[in-house]
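This report refers to the structure that appears directly beneath it.
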Amino acid sequence: MRAVMVANPKGGAGKTTLATNLAGHFANEGNKVTLCDLDRQQSSLRWLAFRDGAHPPINGVFAGNQLGFSPPSGQDWVILDAPAGLQGYKLSDYLRSVDKVIVPVVPSVFDMAATEDFLNSLRSDLRGRRGVVGIVAMRVDPRTKAAAMLEEFLKHFDLPLLAYLRNTQNYVNVAAAGASLFDPPRAKNKKDIEQWQGVLQWLSA
Ligand SMILES: Nc1ncnc2c1ncn2[C@@H]1O[C@H](COP(=O)(O)OP(=O)(O)OP(=O)(O)O)[C@@H](O)[C@H]1O
Ligand SMILES: [Mg+2]
């Protein structure tokens, strides 16, 4: 079993979008997948409630109100969708249970400032564990000034930038149907699926 948490204390950074699409990817690869919603808003579980029974199944659990989190057993992949504002001892608790953490960052000055403290606290929490944290640039074209600013910002942290995911309604459209980019029909999402390859390789390494 491998557990991945998607986290960034900044609201609207793209945590649920990443978590639901990761769950969809691994389910479509034939894995047993549980999506753990840590957020009281339960966006991931609401997404699952819309999911078409014809798509590969994903288990959903709410795990936002327990301390001493332990991932469900018997799963190939467990994906944790963190709430906005997650920090302190609760963050430390989840970090103990996961193999990797993906941090979505929208490259705006405001989002990067909010993310800076978080990356520092991850660094001190994960002391001694290397290769655990990866960044995904959300809603950005790699050829823009915003992308260059993000790369400059990340130099201070020595963290891998796993992917640039463009801003597209494809994410909104699949989510509205309880689906991911990776559920059939995939043809419309081909360009976006290609952008995920760095994330998927990093997780599977
Ligand atoms: N690459 C993208 N292109 C277009 N829209 C996107 C993209 N990524 C995320 N969104 C949209 O941005 C909004 C916020 O994303 P999401 O809900 O995943 O963020 P979040 O970090 O989970 O938010 P919260 O902190 O409230 O839990 C959603 O409406 C989502 O559909
Ligand atoms: Mg969310």
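Please note that chains go A, B, ... in the order of the structure tokens, that every chain numbers its residues from 1, and that ligands are numbered from 1 in the order shown.
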
Please identify all protein, DNA and RNA residues within 8 Å of ligand 2, counting only C-alpha atoms and all ligand atoms, and report them as a ChimeraX atom specification.
/A:11-12,14-17,39,41-44,81-84

Please identify which residues in range 20-95 of chain A DSSP calls alpha helix (DSSP H) from the backbone, and express them as a PyMOL selection string.
chain A and resi 20-28+43-50+88-95

Compute the set of protein, DNA and RNA residues whose minimum atom distance to ligand 1 is at most 10 Å, using only C-alpha atoms and all ligand atoms, and state it as JSON, numbers by chain.
{"A": [6, 7, 8, 9, 10, 11, 12, 13, 14, 15, 16, 17, 18, 19, 20, 21, 37, 38, 39, 40, 41, 42, 43, 44, 81, 82, 83, 84, 85, 86, 103, 104, 105, 106, 137, 138, 139, 140, 164, 165, 166, 167, 168, 169, 170, 171, 172, 173, 174, 175, 176, 192]}

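Across A:Asn65, A:Gln201, A:Val101, A:His55, the tightest approach to Asn28 in chain A is made by A:His55 when counting only C-alpha atoms.
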
Counting only C-alpha atoms, what is within 12 Å of range 121-125 of chain A, bar same-chain residues fewer than 3 positions away, as a PyMOL selection string?
chain A and resi 7-9+86-96+100-103+114-118+128-134+156-159

Output C-alpha atoms of each residue in that selection to a file, as a CSV table (one decimal), in the first residue's frame.
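Below is the file that was written, selection_27.csv:
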```csv
chain,number,residue,atom,x,y,z
A,7,ALA,CA,-1.9,19.4,0.7
A,8,ASN,CA,-1.5,23.2,0.7
A,9,PRO,CA,-3.1,25.4,3.4
A,86,LEU,CA,-4.0,22.1,7.6
A,87,GLN,CA,-0.9,22.7,9.9
A,88,GLY,CA,0.6,22.0,13.2
A,89,TYR,CA,0.2,18.7,15.1
A,90,LYS,CA,-2.6,17.5,12.7
A,91,LEU,CA,-0.3,18.0,9.7
A,92,SER,CA,2.5,16.1,11.6
A,93,ASP,CA,0.1,13.3,12.3
A,94,TYR,CA,-0.9,12.8,8.7
A,95,LEU,CA,2.8,13.1,7.5
A,96,ARG,CA,3.7,10.1,9.6
A,100,LYS,CA,4.6,11.2,-0.4
A,101,VAL,CA,3.1,14.6,-0.3
A,102,ILE,CA,2.0,16.6,-3.4
A,103,VAL,CA,1.7,20.3,-3.0
A,114,ALA,CA,1.1,31.4,1.7
A,115,THR,CA,2.9,28.3,0.4
A,116,GLU,CA,6.3,29.4,1.7
A,117,ASP,CA,5.5,28.9,5.4
A,118,PHE,CA,4.0,25.6,4.6
A,128,GLY,CA,15.6,13.0,7.5
A,129,ARG,CA,13.1,11.8,5.0
A,130,ARG,CA,14.1,12.7,1.5
A,131,GLY,CA,12.2,12.7,-1.8
A,132,VAL,CA,8.8,12.9,0.0
A,133,VAL,CA,7.5,16.2,-1.3
A,134,GLY,CA,6.8,17.2,-4.9
A,156,HIS,CA,15.0,28.0,-2.2
A,157,PHE,CA,13.4,24.6,-1.3
A,158,ASP,CA,15.2,22.1,-3.5
A,159,LEU,CA,11.9,20.4,-4.4
```

Can you pull out the residues contacting Ala49 in chain A? Cut-off 10 Å, using only C-alpha atoms, and skip same-chain residues under 6 positions away; I want them as a list in words.
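The neighbour list is Ser43, Gly60, Ala177 and Gly178 of chain A.
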
Could you take the residues named above and write them with N, CA and C atoms, as a tab-separated table (two decimals), in the first residue's frame?
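The resulting file, out-v8.tsv, is reproduced below:
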```tsv
chain	number	residue	atom	x	y	z
A	43	SER	N	-15.52	17.74	-0.20
A	43	SER	CA	-15.65	17.88	-1.66
A	43	SER	C	-15.33	16.57	-2.38
A	60	GLY	N	-14.45	5.64	-0.64
A	60	GLY	CA	-14.33	6.96	-0.03
A	60	GLY	C	-14.52	6.88	1.48
A	177	ALA	N	-19.09	15.34	-13.28
A	177	ALA	CA	-19.69	14.02	-13.52
A	177	ALA	C	-19.08	12.95	-12.62
A	178	GLY	N	-18.38	13.35	-11.56
A	178	GLY	CA	-17.77	12.37	-10.66
A	178	GLY	C	-16.67	11.57	-11.35
```

To one decimal in Å, tell me the separation between CA of Leu80 in chain A and CA of Leu119 in chain A.
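Distance between the two atoms: 17.7 Å.
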
Given only C-alpha atoms as the basis, pick out the residue of A:Ala148, A:Met1, A:Leu181, A:Ala187 nearest to Pro71 in chain A.
A:Met1

Run DSSP on the backbone of this structure and report the residues of range 53-167 of chain A it assigns to strand (DSSP E), as a list in words.
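Matching residues, listed in order: Asn59, Gly60, Val61, Phe62, Trp77, Val78, Ile79, Leu80, Asp81, Lys100, Val101, Ile102, Val103, Pro104, Val105, Val133, Gly134, Ile135, Val136, Ala137, Met138, Leu161, Leu162, Ala163, Tyr164 and Leu165 of chain A.
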
Residue among A:Ser180, A:Ala163, A:Ala146, A:Leu67 lying closest to Glu194 in chain A, counting only C-alpha atoms
A:Ala163

CA of Pro72 in chain A and CA of Ile135 in chain A are how many Å apart?
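The value is 25.4 Å.
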
For Pro160 in chain A, which residue out of A:Val109, A:Ala179, A:Ala147, A:Val199 is the nearest one, using only C-alpha atoms?
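Looking only at the distances to Pro160 in chain A, the closest residue turns out to be A:Val199.
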
Students should find that CA of Trp196 in chain A and CA of Phe182 in chain A are spaced 10.3 Å

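For the residues A:Lys191, A:Asn120, A:Pro57, A:Asp99, ranking by smallest atom-to-atom distance to Leu203 in chain A using only C-alpha atoms places A:Asp99 first.
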